[in-house]
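As stored in input.txt (compact mmCIF, C-alpha atoms):
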# COMPACT_ATOMS: atom_id res chain seq x y z
CA MET A 289 7.62 -110.05 38.33
CA GLU A 290 5.07 -112.65 37.27
CA TYR A 291 3.69 -114.56 40.26
CA ILE A 292 2.15 -117.95 40.76
CA ILE A 293 -0.85 -117.08 42.93
CA ARG A 294 -1.58 -119.46 45.81
CA ASN A 295 -5.00 -118.41 47.10
CA THR A 296 -6.06 -121.68 48.68
CA SER A 297 -4.80 -123.47 51.78
CA ILE A 298 -2.48 -126.41 51.06
CA ILE A 299 -4.19 -128.20 53.97
CA THR A 300 -7.91 -127.56 53.38
CA GLY A 301 -7.97 -126.49 49.74
CA LYS A 302 -10.25 -123.61 50.73
CA LYS A 303 -9.83 -119.89 50.08
CA ASN A 304 -10.23 -118.93 53.72
CA LEU A 305 -6.84 -117.20 53.93
CA GLU A 306 -5.97 -114.10 55.95
CA HIS A 307 -3.17 -111.88 54.65
CA LEU A 308 -0.58 -111.23 57.37
CA LEU A 309 2.03 -108.93 55.81
CA SER A 310 4.30 -108.40 52.81
CA PHE A 311 7.94 -107.51 52.41
CA LYS A 312 7.92 -105.55 49.16
CA ASN A 313 10.76 -106.12 46.69
CA PHE A 314 12.68 -108.79 48.59
CA PRO A 315 15.59 -110.63 46.86
CA VAL A 316 14.25 -113.78 45.22
CA PHE A 317 17.48 -115.80 45.19
CA ILE A 318 19.11 -116.98 48.42
CA GLY A 319 22.80 -117.13 47.67
CA ALA A 320 25.79 -115.62 45.89
CA THR A 321 26.07 -114.22 42.40
CA THR A 322 28.62 -112.73 40.00
CA GLN A 323 26.09 -110.82 37.92
CA LEU A 324 25.64 -107.05 37.96
CA GLU A 325 23.42 -105.68 40.72
CA ASN A 326 20.87 -104.36 38.24
CA LYS A 327 20.27 -107.93 37.03
CA ASP A 328 18.96 -109.11 40.42
CA PHE A 329 15.25 -109.93 40.69
CA PHE A 330 13.06 -108.75 43.56
CA ALA A 331 9.52 -109.75 44.44
CA ASP A 332 6.92 -109.37 47.17
CA LEU A 333 7.46 -111.82 50.02
CA SER A 334 3.79 -112.06 50.93
CA PHE A 335 2.44 -114.16 53.81
CA SER A 336 -1.06 -115.47 54.52
CA ILE A 337 -2.48 -117.78 57.17
CA ASP A 338 -5.23 -120.35 56.75
CA LYS A 339 -7.93 -119.46 59.25
CA ASP A 340 -9.21 -123.06 59.37
CA SER A 341 -5.94 -124.88 60.06
CA GLY A 342 -3.40 -122.20 60.99
CA ILE A 343 -0.82 -123.09 58.35
CA ILE A 344 1.16 -120.07 57.13
CA GLN A 345 2.14 -119.95 53.47
CA LEU A 346 3.34 -117.54 50.82
CA ASP A 347 0.37 -116.42 48.73
CA LYS A 348 2.54 -115.25 45.81
CA LEU A 349 5.14 -117.70 44.50
CA VAL A 350 8.04 -117.04 42.14
CA SER A 351 8.97 -119.49 39.40
CA PRO A 352 11.36 -122.21 40.65
CA ASP A 353 13.54 -121.44 37.60
CA ILE A 354 14.45 -118.15 39.27
CA ILE A 355 14.54 -119.35 42.87
CA TYR A 356 16.88 -122.23 42.01
CA SER A 357 18.70 -120.59 39.11
CA GLU A 358 22.11 -121.32 40.63
CA TYR A 359 23.61 -123.88 42.99
CA HIS A 360 23.84 -122.31 46.41
CA SER A 361 23.58 -124.80 49.28
CA GLU A 362 26.54 -126.85 50.46
CA ALA A 363 25.34 -127.66 53.99
CA LEU A 364 28.73 -126.88 55.54
CA GLY A 365 29.89 -127.05 59.14
CA LYS A 366 29.66 -129.31 62.18
CA THR A 367 25.89 -129.01 62.49
CA TRP A 368 25.38 -130.36 58.97
CA GLU A 369 28.17 -132.96 59.26
CA ASN A 370 26.55 -134.34 62.40
CA HIS A 371 23.11 -134.16 60.78
CA HIS A 372 24.27 -136.32 57.86
CA ARG A 373 25.99 -138.76 60.22
CA GLU A 374 22.90 -139.15 62.39
CA PHE A 375 20.55 -139.35 59.41
CA ILE A 376 22.69 -142.09 57.83
CA LYS A 377 22.56 -144.05 61.10
CA PHE A 378 18.79 -143.60 61.07
CA ILE A 379 18.54 -144.95 57.50
CA SER A 380 20.99 -147.81 58.10
CA LYS A 381 18.68 -149.49 60.63
CA TYR A 382 16.89 -150.87 57.57
CA LYS A 383 18.46 -153.04 54.86
CA PHE A 384 18.12 -151.56 51.40
CA SER A 385 19.77 -152.58 48.14
CA SER A 386 18.33 -149.86 45.89
CA VAL A 387 17.73 -146.23 46.87
CA LEU A 388 16.16 -143.26 45.14
CA GLU A 389 17.23 -139.93 46.62
CA ILE A 390 15.29 -136.81 45.66
CA GLY A 391 17.36 -133.63 45.64
CA GLY A 392 20.78 -135.18 46.20
CA SER A 393 22.63 -131.90 45.55
CA ASN A 394 26.37 -132.60 45.80
CA GLY A 395 25.91 -136.28 46.65
CA SER A 396 27.29 -135.94 50.17
CA LEU A 397 24.62 -138.16 51.70
CA ALA A 398 24.99 -140.87 49.06
CA LYS A 399 28.79 -140.90 49.24
CA ALA A 400 28.82 -141.04 53.03
CA TYR A 401 26.30 -143.91 53.10
CA ILE A 402 28.11 -145.94 50.44
CA LYS A 403 31.37 -145.50 52.29
CA ASN A 404 29.97 -147.22 55.38
CA TYR A 405 27.21 -149.55 54.16
CA LYS A 406 26.64 -151.94 51.28
CA ILE A 407 24.29 -150.79 48.57
CA LYS A 408 23.74 -151.98 45.00
CA LYS A 409 22.28 -148.84 43.49
CA TRP A 410 21.77 -145.26 44.62
CA THR A 411 19.89 -143.04 42.16
CA ILE A 412 19.86 -139.26 42.63
CA VAL A 413 17.16 -137.12 40.99
CA GLU A 414 18.35 -133.51 41.21
CA PRO A 415 17.80 -130.47 38.92
CA ASN A 416 21.21 -128.89 39.70
CA PRO A 417 23.62 -131.71 40.62
CA THR A 418 27.29 -131.09 41.34
CA ILE A 419 28.07 -134.80 41.34
CA THR A 420 28.52 -137.09 38.35
CA SER A 421 27.43 -140.71 38.01
CA THR A 422 29.65 -143.53 39.28
CA LYS A 423 29.38 -147.33 39.22
CA ILE A 424 26.90 -147.26 42.13
CA ILE A 425 25.52 -143.72 42.00
CA GLU A 426 23.38 -142.74 39.03
CA VAL A 427 22.58 -139.04 38.66
CA ILE A 428 19.47 -137.96 36.77
CA GLN A 429 19.33 -134.21 36.19
CA THR A 430 15.67 -133.33 36.52
CA LEU A 431 12.98 -132.42 39.00
CA PHE A 432 11.13 -135.28 40.65
CA ASP A 433 7.51 -135.38 39.52
CA GLU A 434 4.80 -137.72 38.24
CA HIS A 435 6.83 -138.35 35.08
CA THR A 436 9.98 -139.55 36.89
CA LYS A 437 11.01 -143.05 35.90
CA ILE A 438 14.12 -145.09 36.67
CA ARG A 439 15.29 -148.41 35.27
CA GLU A 440 14.71 -150.53 38.36
CA SER A 441 12.41 -150.62 41.36
CA VAL A 442 13.66 -149.15 44.64
CA ASP A 443 13.38 -150.23 48.25
CA VAL A 444 13.19 -146.71 49.62
CA VAL A 445 12.76 -143.09 48.61
CA ILE A 446 14.99 -140.74 50.61
CA HIS A 447 15.19 -136.96 50.78
CA SER A 448 16.81 -134.51 53.17
CA HIS A 449 15.56 -130.94 53.60
CA VAL A 450 13.54 -131.12 50.39
CA LEU A 451 9.88 -131.35 51.45
CA GLU A 452 9.83 -127.79 52.81
CA HIS A 453 10.92 -126.51 49.37
CA ILE A 454 8.05 -128.16 47.50
CA TYR A 455 5.27 -125.82 46.32
CA SER A 456 2.63 -128.54 46.59
CA PRO A 457 3.48 -131.10 49.33
CA ARG A 458 0.28 -132.99 48.53
CA ASP A 459 1.34 -133.58 44.92
CA PHE A 460 4.86 -134.48 46.03
CA LEU A 461 3.65 -137.10 48.51
CA SER A 462 1.21 -138.41 45.94
CA HIS A 463 4.03 -138.86 43.38
CA ILE A 464 6.20 -140.71 45.91
CA SER A 465 3.31 -142.94 46.94
CA LYS A 466 2.56 -143.86 43.31
CA PHE A 467 6.26 -144.45 42.70
CA LEU A 468 6.64 -146.91 45.58
CA GLU A 469 5.23 -150.39 45.86
CA LYS A 470 3.25 -151.28 48.98
CA GLY A 471 5.60 -152.31 51.79
CA LYS A 472 8.44 -150.05 50.61
CA TYR A 473 9.88 -147.19 52.66
CA HIS A 474 9.91 -143.42 52.52
CA ILE A 475 12.58 -141.92 54.82
CA PHE A 476 13.30 -138.24 55.07
CA SER A 477 14.67 -135.37 57.12
CA VAL A 478 12.91 -132.04 57.43
CA PRO A 479 13.80 -128.85 59.28
CA ASN A 480 11.98 -128.46 62.57
CA LEU A 481 10.12 -125.39 61.33
CA TYR A 482 8.08 -125.07 64.50
CA MET A 483 11.27 -124.59 66.51
CA TYR A 484 12.70 -122.33 63.81
CA LEU A 485 9.62 -120.13 64.20
CA LYS A 486 9.69 -120.29 67.98
CA ASN A 487 13.39 -119.34 67.92
CA LYS A 488 12.55 -116.42 65.55
CA GLN A 489 14.83 -117.61 62.74
CA SER A 490 14.76 -115.74 59.42
CA ASN A 491 15.10 -118.98 57.44
CA THR A 492 11.74 -120.31 58.64
CA ILE A 493 9.56 -119.20 55.72
CA ASN A 494 10.77 -117.42 52.60
CA PHE A 495 10.91 -117.81 48.80
CA GLU A 496 12.40 -121.30 49.28
CA HIS A 497 10.46 -122.47 52.34
CA THR A 498 7.09 -121.27 51.08
CA ILE A 499 4.99 -123.12 53.68
CA LEU A 500 5.29 -123.37 57.45
CA LEU A 501 5.21 -127.14 57.10
CA THR A 502 5.59 -128.09 60.73
CA GLU A 503 5.67 -131.61 62.15
CA TYR A 504 2.00 -131.26 63.05
CA PHE A 505 0.94 -130.84 59.42
CA ILE A 506 3.37 -133.43 58.06
CA ASP A 507 1.85 -135.98 60.45
CA TYR A 508 -1.59 -135.05 59.10
CA LEU A 509 -0.61 -135.36 55.42
CA LEU A 510 1.37 -138.62 55.41
CA PRO A 511 -1.54 -141.06 56.10
CA LEU A 512 -3.57 -139.41 53.34
CA TYR A 513 -1.10 -140.89 50.85
CA GLY A 514 -0.80 -144.35 52.39
CA PHE A 515 2.24 -143.74 54.62
CA LYS A 516 2.49 -144.95 58.20
CA VAL A 517 5.08 -143.34 60.48
CA ILE A 518 7.34 -146.11 61.80
CA LYS A 519 9.81 -143.97 63.71
CA LYS A 520 10.82 -140.36 64.31
CA LYS A 521 14.00 -138.86 65.69
CA ARG A 522 14.73 -135.25 66.57
CA TYR A 523 18.11 -133.79 65.75
CA PHE A 524 18.26 -130.99 68.32
CA ASP A 525 16.04 -128.05 67.22
CA HIS A 526 17.43 -128.39 63.70
CA SER A 527 15.68 -131.36 62.07
CA ILE A 528 13.23 -134.22 62.41
CA PHE A 529 13.95 -137.61 60.85
CA TYR A 530 10.98 -139.64 59.61
CA SER A 531 10.88 -143.32 58.75
CA THR A 532 7.60 -144.18 57.04
CA LYS A 533 6.25 -147.21 55.23
CA LYS A 534 3.72 -147.38 52.44
CA VAL A 535 0.98 -149.52 53.96
CA GLU A 536 -1.91 -148.64 51.66
CA ASN A 537 -2.36 -147.90 47.98
CA LYS A 538 -4.96 -145.24 48.67
CA ILE A 539 -4.18 -141.76 47.45
CA VAL A 540 -6.39 -138.79 48.24
CA LYS A 541 -8.20 -137.67 45.10
CA LYS A 542 -9.39 -134.41 46.62
CA VAL A 543 -8.72 -132.43 49.76
CA THR A 544 -10.47 -133.96 52.74
CA LEU A 545 -12.03 -132.16 55.67
CA PHE A 546 -9.35 -131.03 58.12
CA CYS A 547 -10.26 -132.39 61.56
CA GLY A 548 -7.04 -131.52 63.36
CA GLU A 549 -6.31 -128.83 65.90
CA ASN A 550 -6.46 -125.31 64.50
CA LYS A 551 -3.04 -123.68 64.96
CA TYR A 552 -4.27 -120.25 63.84
CA GLU A 553 -3.84 -118.32 67.10
CA GLU A 554 -0.52 -119.92 68.05
CA TYR A 555 1.20 -119.71 64.67
CA LYS A 556 -0.01 -116.16 63.94
CA TYR A 557 1.28 -114.96 67.30
CA LEU A 558 4.68 -116.66 66.87
CA PHE A 559 5.08 -115.42 63.28
CA LEU A 560 4.34 -111.77 64.05
CA LYS A 561 6.57 -111.94 67.11
CA ALA A 562 9.43 -113.32 64.99
CA VAL A 563 9.04 -110.52 62.43
CA ALA A 564 9.07 -107.87 65.17
CA GLU A 565 12.19 -109.44 66.67
CA VAL A 566 14.14 -108.90 63.43
CA ASP A 567 13.42 -105.18 63.58
CA ASN A 568 14.32 -105.03 67.28
CA PHE A 569 17.60 -106.79 66.52
CA VAL A 570 18.43 -104.39 63.67
CA ASP A 571 17.76 -101.37 65.90
CA LYS A 572 19.91 -102.86 68.67
CA ILE A 573 22.84 -103.63 66.34
CA ASN A 574 22.71 -100.23 64.65
CA ASP A 575 22.96 -98.58 68.06
CA GLU A 576 25.88 -100.82 69.12
CA ILE A 577 27.98 -100.27 65.98
CA LYS A 578 27.43 -96.55 65.41
CA ASP A 579 30.69 -95.59 67.15
CA ILE A 580 32.82 -98.60 66.16
CA LYS A 581 35.94 -97.63 64.19
CA GLU A 582 37.23 -101.03 63.02
CA PRO A 583 35.47 -103.07 60.27
CA VAL A 584 32.02 -104.52 60.91
CA TYR A 585 31.01 -107.74 59.14
CA LEU A 586 27.83 -109.76 58.89
CA PHE A 587 28.06 -113.55 58.92
CA GLY A 588 26.18 -115.79 56.50
CA ALA A 589 25.65 -115.36 52.75
CA HIS A 590 22.08 -116.50 53.12
CA VAL A 591 18.57 -115.27 53.84
CA PHE A 592 19.63 -114.47 57.43
CA SER A 593 21.79 -111.61 56.15
CA GLN A 594 19.45 -110.64 53.33
CA MET A 595 16.69 -110.08 55.87
CA LEU A 596 18.87 -107.96 58.18
CA ILE A 597 20.06 -105.82 55.26
CA TYR A 598 16.50 -105.51 53.93
CA ARG A 599 15.22 -104.39 57.32
CA GLY A 600 17.84 -101.64 57.53
CA ILE A 601 21.03 -102.79 59.18
CA SER A 602 23.66 -100.04 59.15
CA LYS A 603 25.82 -99.42 56.07
CA LYS A 604 28.76 -99.71 58.46
CA VAL A 605 28.54 -103.43 57.72
CA ILE A 606 31.12 -103.58 54.92
CA ALA A 607 30.89 -107.22 53.81
CA VAL A 608 29.43 -110.66 54.51
CA LEU A 609 31.49 -113.57 55.83
CA ASP A 610 30.81 -117.15 54.79
CA ASN A 611 32.62 -120.49 54.96
CA SER A 612 31.63 -121.54 51.44
CA ALA A 613 34.52 -121.28 49.01
CA ILE A 614 31.94 -121.30 46.21
CA LYS A 615 30.41 -118.08 47.56
CA GLN A 616 33.58 -116.21 48.52
CA GLY A 617 34.51 -113.38 46.16
CA LYS A 618 30.96 -113.15 44.87
CA ARG A 619 28.16 -110.79 45.91
CA LEU A 620 25.25 -111.61 48.19
CA TYR A 621 22.27 -111.54 45.84
CA GLY A 622 19.98 -108.54 46.25
CA THR A 623 22.64 -106.54 48.12
CA ASN A 624 25.89 -104.73 47.38
CA LYS A 625 27.82 -106.79 49.93
CA ILE A 626 30.81 -108.85 48.79
CA ILE A 627 31.30 -112.27 50.42
CA LEU A 628 34.61 -112.94 52.14
CA SER A 629 36.25 -115.77 54.06
CA PRO A 630 35.95 -115.48 57.87
CA GLU A 631 39.77 -115.55 57.86
CA VAL A 632 39.68 -111.85 56.98
CA ILE A 633 39.10 -110.99 60.65
CA ARG A 634 42.45 -112.50 61.63
CA SER A 635 44.34 -109.38 60.51
CA TYR A 636 42.39 -106.92 62.70
CA GLU A 637 42.92 -106.12 66.36
CA HIS A 638 39.22 -105.84 67.29
CA PRO A 639 36.96 -106.77 64.37
CA THR A 640 33.20 -106.86 64.85
CA VAL A 641 30.91 -109.55 63.44
CA VAL A 642 27.12 -109.45 63.58
CA LEU A 643 25.88 -112.99 64.14
CA ARG A 644 22.25 -114.09 63.78
CA ILE A 645 22.11 -117.45 62.01
CA GLY A 646 19.71 -119.63 63.94
CA SER A 647 20.80 -123.24 64.51
CA TYR A 648 24.38 -122.51 63.44
CA GLN A 649 25.01 -119.73 65.99
CA ASN A 650 27.09 -121.72 68.47
CA GLU A 651 29.46 -123.39 66.00
CA VAL A 652 30.16 -120.14 64.11
CA ARG A 653 30.69 -118.19 67.33
CA GLU A 654 33.29 -120.76 68.35
CA GLN A 655 34.92 -120.62 64.92
CA LEU A 656 35.21 -116.83 64.93
CA ARG A 657 36.81 -116.83 68.36
CA LYS A 658 39.36 -119.39 67.21
CA ILE A 659 40.29 -117.16 64.29
CA ASN A 660 40.56 -114.04 66.44
CA ARG A 661 40.08 -114.20 70.20
CA ASN A 662 39.49 -110.42 70.28
CA VAL A 663 36.56 -110.52 67.89
CA ASN A 664 33.55 -108.53 69.03
CA ILE A 665 30.51 -110.72 68.28
CA LEU A 666 27.17 -108.95 68.33
CA GLU A 667 24.16 -111.25 68.68

Exercise: express the given structure as structure tokens:
Amino acid sequence: MEYIIRNTSIITGKKNLEHLLSFKNFPVFIGATTQLENKDFFADLSFSIDKDSGIIQLDKLVSPDIIYSEYHSEALGKTWENHHREFIKFISKYKFSSVLEIGGSNGSLAKAYIKNYKIKKWTIVEPNPTITSTKIIEVIQTLFDEHTKIRESVDVVIHSHVLEHIYSPRDFLSHISKFLEKGKYHIFSVPNLYMYLKNKQSNTINFEHTILLTEYFIDYLLPLYGFKVIKKKRYFDHSIFYSTKKVENKIVKKVTLFCGENKYEEYKYLFLKAVAEVDNFVDKINDEIKDIKEPVYLFGAHVFSQMLIYRGISKKVIAVLDNSAIKQGKRLYGTNKIILSPEVIRSYEHPTVVLRIGSYQNEVREQLRKINRNVNILE
């Protein structure tokens, strides 16, 4: 595997990084695949922390062409439906006629907004779109960067759960700032990665979320690129909505001295505690399922399950359950586990499902019990 080495802090630009740990040969793609197992790629999931600021980041990156080689994120379920509804309400407080959305995926946000509010033009810039252009929605299949151009000016740049995927947030914010005229808006939703870390979620930092880009560091970076925070809203422990306005044309030419609070001690402690908790959970589950006779399933064809399998969950887990019809019938990348519909548990008297999926725990627990009230949920 050829790596992109990141040996400087994305906050300070300095090389004062401390290596924390590595997970050797971890699956690089988070999702489902139909290819043969021997075609899967594995790489070192290697973490470092900046001793000057406390930001945690991967120090070895894999090419985005591999990480995002297939479409794999539908944002299904009540948590995501409510997120989109609340985020649209948040956006709709402003009057826009032309929108640029970065990373529009399947167009769910655009379609939901257009259904409820008037808009002249909504442009989506997305490398792997599953939506085609319409009279109002224009889809441009590409990555957003300094070369991105569209036919008309926009009132606002919008993105949802994109910033945490960007390898260089500074460059990304710089491109958006250059793209927007002064007085225009930049509105976005990001995962609340601080709460993800505090809640010991496996989707906090990985080959997709390569930086622990918490609210604290986002607040530090935005003014450096001319953006003023107008309003924030928290969506439970799941997300943070930002409304910002470009108030200055200044753009940082080089990394400035970091004068904020050093999060080194706090973030290092929380990170190592979260890693240890995964191993404790695996040991606990393996002990609980060793004598179970009926099928044992793992829920979530995502990094949650990849991490549990990687850390040694019992081979008694026969398959992975997931609500995505796109994933069902395929294999969870980096594993030998086939992905099935949760409906499979309906036919068993006492099926067992291992459940450890962060913010989605409550809604999936409820769903499983509706399918089979006798389900044994281990969490």

For segment 354-457 of chain A against segment 467-488 of chain A, with a cut-off of 10 Å and counting all atoms listed in the file, what is the closest atom pair and its distance in Å to one decimal for every residue that makes the cut, ordered by chain and number, as a tab-separated table?
residue	atom	partner	partner_atom	distance
A:His371	CA	A:Ser477	CA	9.3
A:His372	CA	A:Ser477	CA	9.7
A:Phe375	CA	A:Ser477	CA	7.5
A:Phe378	CA	A:Ile475	CA	9.0
A:Ile379	CA	A:Ile475	CA	7.2
A:Tyr382	CA	A:Tyr473	CA	9.3
A:Phe384	CA	A:Tyr473	CA	9.4
A:Val387	CA	A:Tyr473	CA	9.8
A:Leu388	CA	A:His474	CA	9.7
A:Glu389	CA	A:Phe476	CA	9.5
A:Ile390	CA	A:Phe476	CA	9.7
A:Asp433	CA	A:Phe467	CA	9.7
A:Glu434	CA	A:Phe467	CA	8.2
A:His435	CA	A:Phe467	CA	9.8
A:Thr436	CA	A:Phe467	CA	8.5
A:Lys437	CA	A:Phe467	CA	8.4
A:Ile438	CA	A:Phe467	CA	9.9
A:Ser441	CA	A:Leu468	CA	8.1
A:Val442	CA	A:Leu468	CA	7.4
A:Asp443	CA	A:Lys472	CA	5.5
A:Val444	CA	A:Tyr473	CA	4.5
A:Val445	CA	A:His474	CA	4.8
A:Ile446	CA	A:Ile475	CA	5.0
A:His447	CA	A:Phe476	CA	4.9
A:Ser448	CA	A:Ser477	CA	4.6
A:His449	CA	A:Val478	CA	4.8
A:Val450	CA	A:Val478	CA	7.1
A:Leu451	CA	A:Val478	CA	6.7
A:Glu452	CA	A:Val478	CA	7.0
A:His453	CA	A:Val478	CA	10.0

inquiry  = Which residues are close to Ser602 of chain A, i.e. within 9 Å by all atoms listed in the file, leaving aside same-chain residues fewer than 2 positions away? Reply as a PyMOL selection string.
reply    = chain A and resi 570+573-574+577-578+597+600+604-605

task = Please identify all polymer residues within 9 Å of Phe311 of chain A, counting all atoms listed in the file, omitting same-chain residues fewer than 3 positions from it, and present them as a PyMOL selection string.
result = chain A and resi 314+331-335+598

message = I want to know what sits within 10 Å of Ser380 of chain A, based on all atoms listed in the file, with residues of the same chain fewer than 6 positions away left out; could you give that as a ChimeraX atom specification?
response = /A:374,401,404-406

request  = Tell me which protein, DNA and RNA residues are within 12 Å of Tyr356 of chain A, counting only C-alpha atoms, leaving out same-chain ones fewer than 4 positions away, and put them as a PyMOL selection string.
outcome  = chain A and resi 316-320+350-352+360-361+391+393+414-417+431+453-454+495-496

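Using only C-alpha atoms, the shortest contact distance between Arg619 of chain A and any of A:Val535, A:Ile402, A:Ala589, A:Val563 is found at A:Ala589.
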
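With all atoms listed in the file as the basis for measurement, A:Glu637 is the residue among A:Ser527, A:Leu628, A:Arg644, A:Glu637 that approaches Lys581 of chain A most closely.
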
message = Report, in Å to a single decimal, how far apart atom CA of Glu503 of chain A and atom CA of Tyr455 of chain A are.
response = 16.9 Å

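Nearest to Asp610 of chain A of all the residues A:Phe432, A:Phe587, A:Tyr636, A:Phe460 is A:Phe587, counting all atoms listed in the file.
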
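The two atoms in question, atom CA of Glu358 of chain A and atom CA of Val641 of chain A, are spaced 27.1 Å apart.
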
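Relative to atom CA of Ile425 of chain A, atom CA of Ser385 of chain A is found at 12.2 Å.
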